[in-house]
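One file, run33.txt, carrying compact mmCIF, C-alpha atoms:
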```
# COMPACT_ATOMS: atom_id res chain seq x y z
CA MET A 1 34.42 -17.42 -107.37
CA HIS A 2 34.95 -15.39 -110.55
CA ALA A 3 37.24 -12.35 -110.55
CA ILE A 4 35.63 -9.13 -109.35
CA THR A 5 36.53 -5.61 -108.37
CA TYR A 6 35.63 -4.16 -104.97
CA GLU A 7 34.80 -0.63 -103.94
CA SER A 8 34.12 0.65 -100.46
CA PRO A 9 32.59 4.11 -100.77
CA LYS A 10 32.62 6.29 -97.65
CA SER A 11 29.72 8.52 -98.72
CA LEU A 12 26.29 8.12 -100.25
CA ALA A 13 27.22 10.36 -103.18
CA GLN A 14 30.30 8.25 -103.92
CA ALA A 15 28.22 5.05 -103.71
CA LEU A 16 25.60 6.40 -106.11
CA SER A 17 28.17 7.43 -108.70
CA LEU A 18 29.84 4.00 -108.46
CA LEU A 19 26.46 2.28 -108.87
CA ALA A 20 25.55 4.47 -111.84
CA ALA A 21 28.91 3.71 -113.49
CA ALA A 22 28.66 -0.05 -112.85
CA GLY A 23 25.05 -0.37 -114.05
CA GLU A 24 23.87 -3.98 -114.36
CA LYS A 25 27.41 -5.22 -113.63
CA GLY A 26 27.45 -3.84 -110.09
CA ARG A 27 25.93 -5.30 -106.95
CA VAL A 28 25.68 -3.82 -103.48
CA LEU A 29 27.43 -5.86 -100.77
CA ALA A 30 25.99 -5.60 -97.27
CA GLY A 31 26.66 -8.53 -94.91
CA GLY A 32 27.37 -10.88 -97.80
CA THR A 33 25.72 -13.87 -96.11
CA ASP A 34 23.51 -14.49 -99.15
CA LEU A 35 25.41 -12.71 -101.91
CA LEU A 36 28.80 -14.40 -101.47
CA ILE A 37 27.15 -17.84 -101.42
CA GLN A 38 25.19 -16.98 -104.57
CA MET A 39 28.36 -15.77 -106.30
CA ARG A 40 30.23 -18.94 -105.36
CA ALA A 41 27.34 -20.97 -106.78
CA GLY A 42 27.31 -18.83 -109.95
CA VAL A 43 23.74 -17.69 -109.31
CA ARG A 44 24.71 -14.01 -109.31
CA LYS A 45 27.71 -12.84 -111.32
CA PRO A 46 28.41 -9.16 -110.65
CA ASP A 47 31.71 -7.77 -111.94
CA GLN A 48 31.90 -5.23 -109.15
CA LEU A 49 30.87 -5.29 -105.50
CA ILE A 50 30.07 -1.97 -103.87
CA ASP A 51 30.34 -2.35 -100.11
CA ALA A 52 27.55 -0.46 -98.34
CA LYS A 53 28.80 -0.96 -94.80
CA ASN A 54 31.09 2.07 -94.57
CA ILE A 55 28.44 4.64 -95.52
CA ALA A 56 27.18 6.51 -92.43
CA GLU A 57 23.58 6.82 -93.71
CA LEU A 58 23.29 3.04 -93.99
CA GLN A 59 24.48 2.53 -90.39
CA VAL A 60 21.91 4.82 -88.74
CA LEU A 61 20.04 3.24 -85.83
CA SER A 62 17.99 5.73 -83.83
CA PHE A 63 14.61 5.78 -82.12
CA SER A 64 12.47 8.71 -81.06
CA PRO A 65 8.97 8.51 -79.55
CA GLN A 66 7.77 11.05 -82.15
CA ASP A 67 9.39 9.79 -85.35
CA GLY A 68 9.84 6.11 -84.59
CA LEU A 69 12.78 4.04 -85.78
CA ARG A 70 15.35 4.96 -88.39
CA LEU A 71 17.11 1.77 -89.37
CA GLY A 72 20.01 1.96 -91.82
CA ALA A 73 19.86 -0.72 -94.49
CA ALA A 74 23.30 -2.12 -93.59
CA VAL A 75 22.89 -2.21 -89.79
CA SER A 76 23.81 -5.74 -88.71
CA CYS A 77 21.11 -7.91 -87.14
CA CYS A 78 23.19 -8.31 -83.97
CA ARG A 79 23.24 -4.53 -83.46
CA LEU A 80 19.49 -4.32 -84.03
CA ILE A 81 18.72 -7.20 -81.67
CA GLU A 82 20.82 -5.70 -78.87
CA ASP A 83 19.32 -2.21 -79.13
CA PRO A 84 17.24 -1.48 -75.98
CA ALA A 85 14.75 0.82 -77.78
CA VAL A 86 14.14 -1.78 -80.50
CA GLN A 87 13.68 -4.48 -77.86
CA GLN A 88 11.16 -2.32 -76.03
CA HIS A 89 9.11 -1.00 -78.94
CA TYR A 90 9.42 -3.59 -81.71
CA PRO A 91 9.72 -7.07 -80.13
CA GLY A 92 8.48 -8.75 -83.32
CA LEU A 93 11.34 -7.22 -85.27
CA VAL A 94 13.80 -8.58 -82.72
CA GLU A 95 12.15 -12.01 -83.00
CA ALA A 96 12.51 -12.01 -86.79
CA ALA A 97 16.12 -10.78 -86.82
CA GLY A 98 17.04 -13.25 -84.08
CA LEU A 99 15.76 -16.18 -86.15
CA ILE A 100 18.13 -15.57 -89.05
CA GLY A 101 20.91 -18.15 -89.18
CA SER A 102 23.41 -18.46 -86.36
CA VAL A 103 25.23 -15.93 -84.20
CA GLN A 104 27.89 -15.95 -86.92
CA ILE A 105 25.33 -14.97 -89.57
CA GLN A 106 23.62 -12.37 -87.36
CA SER A 107 27.02 -10.69 -86.88
CA ARG A 108 27.05 -9.87 -90.58
CA CYS A 109 23.54 -9.92 -92.05
CA SER A 110 21.33 -6.85 -92.32
CA LEU A 111 17.64 -6.12 -92.84
CA GLY A 112 18.45 -4.20 -96.01
CA GLY A 113 20.31 -7.19 -97.37
CA ASN A 114 17.54 -9.55 -96.30
CA LEU A 115 15.01 -7.46 -98.24
CA CYS A 116 17.18 -6.77 -101.32
CA ASN A 117 18.02 -10.48 -101.62
CA GLY A 118 14.34 -10.81 -102.48
CA SER A 119 13.69 -14.21 -100.94
CA PRO A 120 10.00 -15.02 -100.41
CA ALA A 121 11.04 -16.66 -97.11
CA ALA A 122 13.03 -13.71 -95.69
CA ASP A 123 12.22 -13.60 -91.97
CA THR A 124 12.55 -9.88 -91.37
CA THR A 125 10.37 -8.80 -94.31
CA PRO A 126 6.95 -9.83 -92.87
CA ALA A 127 7.98 -8.24 -89.55
CA LEU A 128 8.79 -4.97 -91.37
CA ILE A 129 5.56 -5.08 -93.37
CA ALA A 130 3.54 -5.64 -90.19
CA LEU A 131 5.12 -2.52 -88.70
CA GLY A 132 4.31 -0.42 -91.78
CA ALA A 133 7.99 0.16 -92.56
CA VAL A 134 8.89 2.34 -95.53
CA CYS A 135 12.08 2.04 -97.60
CA HIS A 136 14.03 5.19 -98.37
CA VAL A 137 15.82 4.71 -101.66
CA ALA A 138 18.50 6.98 -103.12
CA GLY A 139 19.41 7.06 -106.78
CA ALA A 140 21.34 8.97 -109.39
CA LYS A 141 18.03 10.45 -110.59
CA GLY A 142 16.72 11.28 -107.12
CA ALA A 143 15.28 9.78 -103.97
CA ARG A 144 12.00 7.90 -103.50
CA THR A 145 10.13 5.92 -100.89
CA VAL A 146 8.66 2.44 -101.31
CA ALA A 147 6.49 0.52 -98.83
CA VAL A 148 8.25 -2.71 -97.82
CA GLU A 149 5.32 -4.80 -99.15
CA ASP A 150 5.86 -3.28 -102.62
CA PHE A 151 9.64 -3.76 -102.70
CA VAL A 152 10.08 -7.38 -103.82
CA VAL A 153 8.58 -8.11 -107.26
CA SER A 154 9.51 -11.77 -107.75
CA PRO A 155 11.92 -14.25 -106.14
CA GLY A 156 15.33 -12.52 -106.10
CA ARG A 157 14.10 -9.36 -107.84
CA THR A 158 13.15 -6.01 -106.36
CA VAL A 159 11.96 -2.58 -107.52
CA LEU A 160 15.51 -1.22 -107.16
CA GLN A 161 17.05 0.02 -110.39
CA PRO A 162 20.77 -0.74 -110.94
CA ASP A 163 21.66 2.87 -110.05
CA GLU A 164 19.58 2.88 -106.84
CA LEU A 165 20.53 2.08 -103.25
CA LEU A 166 18.29 1.17 -100.31
CA VAL A 167 19.44 3.63 -97.65
CA GLU A 168 17.20 3.07 -94.65
CA PHE A 169 13.88 1.90 -93.26
CA ARG A 170 11.57 4.26 -91.39
CA ILE A 171 9.27 2.51 -88.97
CA PRO A 172 6.45 4.55 -87.41
CA ALA A 173 6.52 5.18 -83.67
CA PRO A 174 4.26 2.71 -81.92
CA LYS A 175 0.99 4.24 -80.72
CA PRO A 176 -0.01 3.58 -77.08
CA HIS A 177 -1.16 -0.02 -76.56
CA SER A 178 0.52 -1.27 -79.74
CA SER A 179 2.79 -4.22 -80.24
CA ASP A 180 3.97 -6.76 -82.74
CA CYS A 181 5.07 -10.36 -83.07
CA TYR A 182 6.79 -12.58 -85.65
CA GLN A 183 6.85 -16.36 -85.69
CA ARG A 184 7.90 -18.89 -88.25
CA PHE A 185 7.47 -22.61 -88.53
CA ILE A 186 10.55 -24.74 -89.12
CA PRO A 187 11.04 -28.42 -88.25
CA ARG A 188 13.79 -27.60 -85.73
CA ASN A 189 14.64 -24.80 -83.30
CA GLU A 190 17.50 -23.01 -85.06
CA MET A 191 19.29 -22.61 -88.38
CA ASP A 192 16.60 -23.24 -90.96
CA ILE A 193 14.52 -21.48 -93.62
CA ALA A 194 10.89 -20.67 -92.87
CA VAL A 195 8.26 -23.13 -94.07
CA VAL A 196 5.85 -20.30 -93.26
CA GLY A 197 6.49 -17.01 -91.41
CA VAL A 198 3.83 -14.60 -90.14
CA GLY A 199 4.24 -11.11 -88.67
CA ALA A 200 1.50 -9.05 -87.06
CA ALA A 201 1.19 -5.65 -85.40
CA VAL A 202 -1.90 -4.42 -83.56
CA THR A 203 -3.07 -1.29 -81.76
CA LEU A 204 -5.77 -1.57 -79.09
CA ASN A 205 -8.16 0.87 -77.44
CA GLY A 206 -9.45 -1.08 -74.49
CA ASN A 207 -10.13 -4.41 -76.15
CA THR A 208 -11.07 -2.83 -79.47
CA CYS A 209 -8.54 -3.18 -82.27
CA THR A 210 -7.95 0.21 -83.87
CA ALA A 211 -5.21 -0.84 -86.29
CA ALA A 212 -3.79 -4.16 -87.48
CA ARG A 213 -1.30 -5.34 -90.06
CA ILE A 214 -0.64 -8.99 -90.88
CA ALA A 215 2.13 -10.11 -93.25
CA LEU A 216 3.02 -13.55 -94.59
CA GLY A 217 6.33 -15.07 -95.69
CA ALA A 218 7.19 -18.18 -97.75
CA VAL A 219 3.66 -18.66 -99.10
CA ALA A 220 3.86 -16.71 -102.39
CA PRO A 221 6.55 -15.55 -104.86
CA THR A 222 7.00 -12.47 -102.65
CA PRO A 223 6.31 -11.63 -98.99
CA LEU A 224 2.65 -10.61 -98.70
CA PHE A 225 0.69 -7.95 -96.86
CA ALA A 226 -2.61 -9.64 -95.92
CA LYS A 227 -4.75 -6.56 -96.47
CA GLU A 228 -8.27 -7.99 -96.03
CA ALA A 229 -7.27 -10.04 -93.01
CA SER A 230 -5.74 -6.94 -91.42
CA ALA A 231 -8.76 -4.72 -92.19
CA SER A 232 -11.17 -7.33 -90.83
CA LEU A 233 -9.92 -6.70 -87.29
CA VAL A 234 -10.25 -2.92 -87.21
CA GLY A 235 -13.07 -1.65 -85.00
CA LYS A 236 -13.65 -5.09 -83.49
CA PRO A 237 -12.69 -6.66 -80.18
CA LEU A 238 -9.70 -8.97 -80.47
CA ASN A 239 -11.05 -12.34 -79.41
CA GLU A 240 -10.95 -15.96 -80.51
CA ASN A 241 -13.65 -15.43 -83.15
CA THR A 242 -12.27 -12.26 -84.77
CA ILE A 243 -8.75 -13.69 -84.74
CA ALA A 244 -9.97 -16.93 -86.34
CA ALA A 245 -11.81 -14.93 -89.02
CA ALA A 246 -8.66 -12.89 -89.78
CA ALA A 247 -6.60 -16.08 -89.96
CA ALA A 248 -9.06 -17.56 -92.47
CA LEU A 249 -8.76 -14.42 -94.63
CA ALA A 250 -4.96 -14.62 -94.42
CA GLN A 251 -5.14 -18.24 -95.64
CA GLN A 252 -7.11 -17.07 -98.68
CA VAL A 253 -4.29 -14.81 -99.96
CA ALA A 254 -1.58 -17.44 -99.44
CA ILE A 255 -0.61 -19.12 -102.71
CA PRO A 256 2.19 -21.43 -101.58
CA ILE A 257 4.04 -24.03 -103.63
CA THR A 258 4.76 -27.61 -102.68
CA ASP A 259 8.47 -28.26 -102.16
CA MET A 260 10.77 -30.22 -99.87
CA ARG A 261 9.90 -27.95 -96.92
CA GLY A 262 6.18 -28.56 -97.08
CA THR A 263 3.15 -29.07 -99.28
CA GLU A 264 0.79 -26.35 -100.45
CA GLU A 265 -1.93 -27.70 -98.17
CA TYR A 266 0.39 -27.87 -95.15
CA ARG A 267 1.61 -24.33 -95.68
CA LYS A 268 -1.94 -22.99 -95.96
CA HIS A 269 -2.79 -24.74 -92.71
CA LEU A 270 0.29 -23.19 -91.06
CA VAL A 271 -0.74 -19.70 -92.19
CA GLY A 272 -3.93 -20.13 -90.15
CA VAL A 273 -2.12 -21.48 -87.09
CA LEU A 274 0.65 -18.88 -87.09
CA THR A 275 -1.68 -15.95 -87.82
CA ARG A 276 -3.78 -16.88 -84.80
CA ARG A 277 -0.69 -17.25 -82.64
CA VAL A 278 1.04 -14.00 -83.62
CA LEU A 279 -2.18 -12.00 -83.25
CA GLY A 280 -2.65 -13.50 -79.81
CA VAL A 281 0.89 -12.65 -78.71
CA ALA A 282 0.85 -9.15 -80.25
CA ALA A 283 -2.49 -8.41 -78.52
CA GLU A 284 -1.19 -9.69 -75.19
CA ARG A 285 1.89 -7.47 -75.50
CA ALA A 286 -0.23 -4.46 -76.54
CA ARG A 287 -2.42 -4.82 -73.44
CA LYS A 288 0.58 -4.42 -71.12
CA MET B 1 43.44 -12.00 -113.32
CA ALA B 2 42.09 -9.16 -111.26
CA SER B 3 44.70 -6.95 -109.69
CA LYS B 4 45.46 -7.46 -106.05
CA VAL B 5 44.50 -5.06 -103.31
CA GLN B 6 46.63 -4.13 -100.34
CA VAL B 7 44.88 -4.62 -97.00
CA GLU B 8 46.01 -3.69 -93.51
CA THR B 9 44.39 -5.37 -90.55
CA THR B 10 45.02 -6.43 -86.96
CA LEU B 11 45.37 -10.19 -86.53
CA ASN B 12 45.58 -11.58 -83.00
CA GLY B 13 46.82 -8.23 -81.78
CA GLU B 14 49.47 -7.67 -84.43
CA THR B 15 49.29 -5.40 -87.44
CA VAL B 16 49.55 -7.36 -90.68
CA GLU B 17 49.51 -6.29 -94.30
CA PHE B 18 48.62 -8.56 -97.15
CA LEU B 19 47.76 -8.53 -100.83
CA CYS B 20 44.66 -10.34 -102.04
CA GLU B 21 42.28 -10.54 -104.94
CA PRO B 22 38.87 -9.00 -104.17
CA ARG B 23 37.18 -12.37 -104.84
CA GLN B 24 39.21 -14.10 -102.10
CA SER B 25 37.43 -14.79 -98.83
CA LEU B 26 38.97 -13.89 -95.50
CA LEU B 27 39.21 -17.65 -94.94
CA GLU B 28 41.34 -18.07 -98.07
CA VAL B 29 43.50 -15.14 -97.07
CA LEU B 30 44.05 -16.46 -93.54
CA ARG B 31 44.96 -19.95 -94.72
CA ASP B 32 46.63 -19.49 -98.09
CA VAL B 33 48.11 -15.99 -97.93
CA LEU B 34 48.96 -15.59 -94.25
CA GLY B 35 49.49 -19.26 -93.35
CA PHE B 36 47.07 -19.21 -90.40
CA THR B 37 45.70 -22.69 -91.04
CA GLY B 38 44.01 -23.10 -87.65
CA THR B 39 40.83 -21.69 -89.20
CA LYS B 40 39.21 -24.55 -91.13
CA GLU B 41 37.27 -24.70 -94.36
CA GLY B 42 34.00 -26.61 -94.08
CA CYS B 43 30.88 -25.89 -96.07
CA LEU B 44 31.67 -22.44 -97.59
CA THR B 45 27.99 -21.54 -97.12
CA GLY B 46 27.91 -20.26 -93.56
CA ASP B 47 26.25 -23.38 -92.16
CA CYS B 48 29.03 -25.25 -90.34
CA GLY B 49 31.01 -22.60 -88.45
CA ALA B 50 34.38 -24.35 -88.95
CA CYS B 51 35.81 -21.09 -90.33
CA SER B 52 34.66 -18.95 -87.38
CA VAL B 53 36.80 -15.95 -86.49
CA ILE B 54 36.08 -12.96 -84.25
CA LEU B 55 35.82 -9.83 -86.36
CA ASP B 56 35.66 -6.57 -84.40
CA GLY B 57 34.30 -8.49 -81.42
CA ARG B 58 31.68 -10.45 -83.38
CA VAL B 59 32.01 -14.11 -84.26
CA SER B 60 31.68 -14.47 -88.03
CA CYS B 61 32.12 -17.09 -90.73
CA SER B 62 35.33 -16.10 -92.49
CA CYS B 63 34.07 -17.86 -95.65
CA LEU B 64 31.36 -15.17 -95.88
CA VAL B 65 33.70 -12.22 -95.49
CA LEU B 66 35.99 -10.98 -98.25
CA GLY B 67 39.65 -10.47 -97.45
CA VAL B 68 39.32 -6.87 -98.64
CA GLU B 69 36.56 -6.29 -96.07
CA ALA B 70 39.14 -6.88 -93.32
CA GLN B 71 40.71 -3.49 -93.99
CA GLY B 72 41.10 -1.70 -90.65
CA LYS B 73 39.41 -4.52 -88.74
CA ASN B 74 40.47 -6.47 -85.69
CA ILE B 75 40.55 -10.23 -86.28
CA GLN B 76 41.02 -12.98 -83.70
CA THR B 77 41.62 -16.56 -84.81
CA VAL B 78 42.16 -19.77 -82.88
CA GLU B 79 45.91 -19.10 -83.01
CA GLY B 80 45.32 -16.12 -80.72
CA LEU B 81 43.74 -18.13 -77.89
CA ALA B 82 46.77 -19.66 -76.16
CA GLN B 83 49.28 -17.38 -74.42
CA GLY B 84 52.57 -18.92 -75.52
CA ASP B 85 52.61 -22.44 -74.12
CA LYS B 86 49.68 -21.76 -71.80
CA LEU B 87 46.42 -22.98 -73.24
CA HIS B 88 43.28 -20.86 -73.00
CA PRO B 89 40.88 -22.29 -70.37
CA LEU B 90 38.54 -23.29 -73.21
CA GLN B 91 41.31 -25.29 -74.89
CA GLN B 92 42.28 -26.89 -71.58
CA LYS B 93 38.66 -27.89 -70.85
CA PHE B 94 38.12 -29.23 -74.37
CA LEU B 95 41.06 -31.58 -73.68
CA GLU B 96 39.86 -32.55 -70.20
CA HIS B 97 36.31 -33.26 -71.36
CA ALA B 98 37.44 -35.01 -74.56
CA SER B 99 35.32 -32.53 -76.51
CA LEU B 100 36.81 -33.49 -79.85
CA GLN B 101 37.37 -36.52 -81.96
CA CYS B 102 38.38 -35.77 -85.56
CA GLY B 103 39.06 -32.14 -84.63
CA ILE B 104 38.07 -30.33 -87.81
CA CYS B 105 35.29 -28.38 -86.11
CA THR B 106 37.29 -27.66 -82.94
CA PRO B 107 38.91 -24.33 -83.87
CA GLY B 108 35.51 -22.98 -84.91
CA PHE B 109 33.93 -24.15 -81.66
CA LEU B 110 36.75 -22.64 -79.60
CA VAL B 111 36.45 -19.29 -81.36
CA ALA B 112 32.63 -19.24 -81.13
CA ALA B 113 32.82 -20.21 -77.45
CA LYS B 114 35.41 -17.47 -76.82
CA ALA B 115 33.11 -14.91 -78.45
CA LEU B 116 30.19 -16.18 -76.36
CA LEU B 117 32.12 -15.95 -73.06
CA ASP B 118 33.50 -12.51 -73.98
CA ARG B 119 29.91 -11.22 -74.09
CA ASN B 120 28.33 -13.52 -71.54
CA PRO B 121 30.91 -14.79 -69.01
CA ASN B 122 28.36 -16.86 -67.10
CA PRO B 123 26.05 -18.49 -69.65
CA THR B 124 23.38 -21.08 -68.94
CA GLU B 125 23.52 -24.42 -70.76
CA HIS B 126 20.67 -23.16 -72.95
CA GLU B 127 22.65 -20.04 -73.87
CA VAL B 128 25.73 -22.13 -74.68
CA ARG B 129 23.70 -24.40 -76.95
CA TYR B 130 22.13 -21.43 -78.78
CA GLY B 131 25.46 -19.61 -78.91
CA LEU B 132 27.09 -22.62 -80.58
CA ALA B 133 24.16 -23.50 -82.87
CA GLY B 134 26.16 -22.17 -85.81
CA ASN B 135 28.89 -24.76 -85.33
CA LEU B 136 28.43 -28.32 -86.52
CA CYS B 137 30.21 -31.36 -85.08
CA ARG B 138 29.60 -34.83 -86.52
CA CYS B 139 31.64 -36.72 -83.90
CA THR B 140 30.90 -35.72 -80.33
CA GLY B 141 27.15 -35.29 -80.14
CA TYR B 142 27.84 -31.80 -78.70
CA ASP B 143 27.34 -32.68 -75.05
CA LYS B 144 31.04 -32.83 -74.20
CA ILE B 145 31.57 -29.52 -75.96
CA VAL B 146 28.80 -27.86 -73.96
CA ARG B 147 30.21 -29.30 -70.70
CA ALA B 148 33.68 -28.00 -71.55
CA VAL B 149 32.40 -24.48 -72.28
CA LEU B 150 30.39 -24.37 -69.04
CA ASP B 151 33.40 -25.67 -67.11
CA ALA B 152 35.72 -23.13 -68.75
CA ALA B 153 33.29 -20.35 -67.89
CA ALA B 154 33.32 -21.49 -64.26
CA VAL B 155 37.13 -21.57 -64.17
CA MET B 156 37.38 -18.14 -65.78
CA GLN B 157 34.92 -16.79 -63.21
CA GLY B 158 37.11 -18.19 -60.46
CA ARG B 159 34.51 -20.76 -59.41
```
Take the structure I supplied and represent it as C-alpha cells, if you would.
Amino acid sequence: MHAITYESPKSLAQALSLLAAAGEKGRVLAGGTDLLIQMRAGVRKPDQLIDAKNIAELQVLSFSPQDGLRLGAAVSCCRLIEDPAVQQHYPGLVEAAGLIGSVQIQSRCSLGGNLCNGSPAADTTPALIALGAVCHVAGAKGARTVAVEDFVVSPGRTVLQPDELLVEFRIPAPKPHSSDCYQRFIPRNEMDIAVVGVGAAVTLNGNTCTAARIALGAVAPTPLFAKEASASLVGKPLNENTIAAAAALAQQVAIPITDMRGTEEYRKHLVGVLTRRVLGVAAERARK
Amino acid sequence: MASKVQVETTLNGETVEFLCEPRQSLLEVLRDVLGFTGTKEGCLTGDCGACSVILDGRVSCSCLVLGVEAQGKNIQTVEGLAQGDKLHPLQQKFLEHASLQCGICTPGFLVAAKALLDRNPNPTEHEVRYGLAGNLCRCTGYDKIVRAVLDAAAVMQGR
C-alpha cells in the first residue's frame, strides 16, 4: 500500500475541519473492510485516512418507540445485529447486516461504510431503503439530509462532497403491524456477494396493506427503490395476486448486467422470486 | 517515506508500544515489527481468516485493520492461548482430532474458535460452522476442526 497519513478525530468538528483541509485527497475510514482492500489494489488512492470510529456521533445506537432508530454511520454490524431493539423492530436490517462477510468482517464493517462504498450489491442498502431510512450528513458548509435511495449516484460514487461526512441514519419507528425482510440470492450459504438482493417493509391494517417499500440490490448501477411496485400494494389486501403484481413491477425497474455472477435474464427472474418471498415474510411478521 | 506513529496497545495482556507507518496493517505490525509470527498472512482481502486476532473481544482480520488503529485496544493473538507449557483446550483438541495438516490456517481457526467460545460456550455444530465460515482450510475438509471445537467446548464446560 502507498504511504498515507492517518488522523483519528475525537469530535465531529475536528473531523469536518480535517476533511475540509484534505479535500479530494482525504477519505473517511470506518471499518476498512472495503477501503483497505481497494487501497491495496490501487483502486482508491487517498493520501490521508480520517478514522470515523472515535467520534461519538457516529457510534450512536438508540431506539425509541416515538422517534425510531438512530444508527451512527460507524456502528459495527456486530453491534447492530446484537441489539435487542433492532432485532425486535427491524428484523430485515438484522438479516442484511448478518449476511455481510464473516464474523471477522461483521466485527469491523458498518452500515455507513457499506453505503459510502457505493456498491450496487451492498446488502444493507436495500434494507435501509425499505425502512425509509434517511442519512444525516454534516459538512463544513452545514448539515443536510438525504434519503438512502438518493445517496449512491453510480458504482463507487455517492452524493457526499469531499468535505462532508455521513453521521447517522434515522429510521422511522415502525407503525403497529409493520415489519420488514431482506433476502439475497447467492450460490452458497455464506461469504459471497449478492447476485440479487431485495428488501421490503410493509404495514398492515387487518389484511389491507397501508404502506409498502420495496428496494432492489445488484440489478442496476445503484441500489433501487422500486417505487411503482411499492405503491401498487397500498390500499390492497396482501395476497398471492397483489404480491405477484408487485413483483412484476419490481422486475420492470431492474436493469441488471450480465457478469460472472449471473446473466441479465437470470437476475430479472430472481428479482421476481425474491420480491415475492420478502413480501411474504414481511407480511407474515407484520401480522404477528 | 511517511513518518512513523507511536502506538500503545495491550497484546495478550501486556502493554506494548511500537512505531509503525500509517499504511502498515496490524498483521504487518504483529509479524514484522513485534515478531509475533503466529498470526499468518493469507489472502490480504479478508476472505481466508488466517490473520484472525481478537480485537477488543471481537474476532477480526488483522490484514483489514491498520496498526495505528490498535491504539488503546486490547489484542489477543494465538500466542496468548497457551498458559506457559499448558495448551489451551482448543489447541489440545486440535492435536487429538488431527484438525490440521499443513497448519497455515490453524492459528486463525484457533483464534476464531476462541472468540466463538468466549461468546457462546456451548455452541451447536451449526453455530460452530457459521462461526468459522470466515476461516478457510484447504487440507482438512473442516470436519475434524468442527469436531475439535465441539469437543473443546465440552471439556471447557466440564462435560
Tell me, counting only C-alpha atoms, for each residue of segment 85-169 of chain A within 8 Å of segment 218-223 of chain A, which pair of atoms is nearest and how far apart they are in Å to one decimal, in rows ordered by chain and increasing number, as JSON lines.
```
{"residue": "A:Gly118", "atom": "CA", "partner": "A:Thr222", "partner_atom": "CA", "distance": 7.5}
{"residue": "A:Ser119", "atom": "CA", "partner": "A:Thr222", "partner_atom": "CA", "distance": 7.1}
{"residue": "A:Pro120", "atom": "CA", "partner": "A:Thr222", "partner_atom": "CA", "distance": 4.5}
{"residue": "A:Ala121", "atom": "CA", "partner": "A:Ala218", "partner_atom": "CA", "distance": 4.2}
{"residue": "A:Ala122", "atom": "CA", "partner": "A:Ala218", "partner_atom": "CA", "distance": 7.6}
{"residue": "A:Thr125", "atom": "CA", "partner": "A:Pro223", "partner_atom": "CA", "distance": 6.8}
{"residue": "A:Pro126", "atom": "CA", "partner": "A:Pro223", "partner_atom": "CA", "distance": 6.4}
{"residue": "A:Glu149", "atom": "CA", "partner": "A:Pro223", "partner_atom": "CA", "distance": 6.9}
{"residue": "A:Val152", "atom": "CA", "partner": "A:Thr222", "partner_atom": "CA", "distance": 6.1}
{"residue": "A:Val153", "atom": "CA", "partner": "A:Thr222", "partner_atom": "CA", "distance": 6.5}
{"residue": "A:Ser154", "atom": "CA", "partner": "A:Pro221", "partner_atom": "CA", "distance": 5.6}
{"residue": "A:Pro155", "atom": "CA", "partner": "A:Pro221", "partner_atom": "CA", "distance": 5.7}
```
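Proximity ranking of A:Gly197, A:Gly272, A:Gly156, A:Pro237 relative to Val43 of chain A places A:Gly156 first, based on all atoms listed in the file.
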At a cut-off of 10 Å, list the chain A residues touching chain B, using all atoms listed in the file, as a PyMOL selection string. chain A and resi 1-8+31-41+48-49+51+53+78+101-108+189-192
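Going from atom CA of Ala15 of chain A over to atom CA of Gln71 of chain B, you cover 18.0 Å.
Every residue within 8 Å of the file position (-2.8, -14.9, -93.7), judged by only C-alpha atoms, is given as Val198, Ile214, Ala215, Leu216, Ala226, Ala229, Ala246, Ala247, Ala248, Leu249, Ala250, Gln251, Gln252, Val253, Ala254, Val271, Gly272 and Thr275 of chain A.
Remark: for Gly217 of chain A, the closest of the candidate residues A:Val137, A:Leu128, A:Arg157, A:Asp180 is A:Leu128 (distances computed over all atoms listed in the file).
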Give me the residues within 8 Å of segment 72-86 of chain B as a VMD selection string, counting all atoms listed in the file and dropping any in the same chain fewer than 3 places off. chain B and resid 7 to 13 36 38 to 39 52 to 57 91 107 to 108 110 to 111
Of the candidates A:Arg213, A:Leu111, A:Pro91, A:Val195, which one gets nearest to Ala30 of chain A if we count all atoms listed in the file? A:Leu111
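Note that the spacing between atom CA of Gly98 of chain A and atom CA of Ile129 of chain A amounts to 16.9 Å.
With all atoms listed in the file as the atoms that count, the residue of A:Ile255, A:Ala140, A:Ala212, A:Val281 with the shortest distance to Glu228 of chain A is A:Ala212.
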Could you check which residues have any atom within 12 Å of (37.1, -35.0, -68.0), counting all atoms listed in the file with coordinates taken straight from the file, and then list them as an mmCIF file with C-alpha atoms, in the frame of the given file?
```cif
data_model
loop_
_atom_site.group_PDB
_atom_site.id
_atom_site.type_symbol
_atom_site.label_atom_id
_atom_site.label_comp_id
_atom_site.auth_asym_id
_atom_site.auth_seq_id
_atom_site.Cartn_x
_atom_site.Cartn_y
_atom_site.Cartn_z
ATOM 1 C CA GLN B 92 42.280 -26.890 -71.580
ATOM 2 C CA LYS B 93 38.660 -27.890 -70.850
ATOM 3 C CA PHE B 94 38.120 -29.230 -74.370
ATOM 4 C CA LEU B 95 41.060 -31.580 -73.680
ATOM 5 C CA GLU B 96 39.860 -32.550 -70.200
ATOM 6 C CA HIS B 97 36.310 -33.260 -71.360
ATOM 7 C CA ALA B 98 37.440 -35.010 -74.560
ATOM 8 C CA SER B 99 35.320 -32.530 -76.510
ATOM 9 C CA LEU B 100 36.810 -33.490 -79.850
ATOM 10 C CA LYS B 144 31.040 -32.830 -74.200
ATOM 11 C CA ILE B 145 31.570 -29.520 -75.960
ATOM 12 C CA ARG B 147 30.210 -29.300 -70.700
ATOM 13 C CA ALA B 148 33.680 -28.000 -71.550
ATOM 14 C CA ASP B 151 33.400 -25.670 -67.110
ATOM 15 C CA ALA B 152 35.720 -23.130 -68.750
#
```
What is the atom CA of Gly142 of chain A-atom CA of Gln161 of chain A distance in Å, reported with one decimal? 11.7 Å
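If you measure from each of A:Gln87, A:Ser76, A:Ser179, A:Asn239 to Ser110 of chain A using all atoms listed in the file, the closest one turns out to be A:Ser76.
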Using all atoms listed in the file, which protein or nucleic acid residues come within 9 Å of Arg261 of chain A? Drop anything in the same chain fewer than 6 positions from it, and give the result as a PyMOL selection string. chain A and resi 186-187+193-195
Between A:Ile100, A:Ile171, A:Ala245, A:Val202, smallest distance to Phe63 of chain A by all atoms listed in the file belongs to A:Ile171
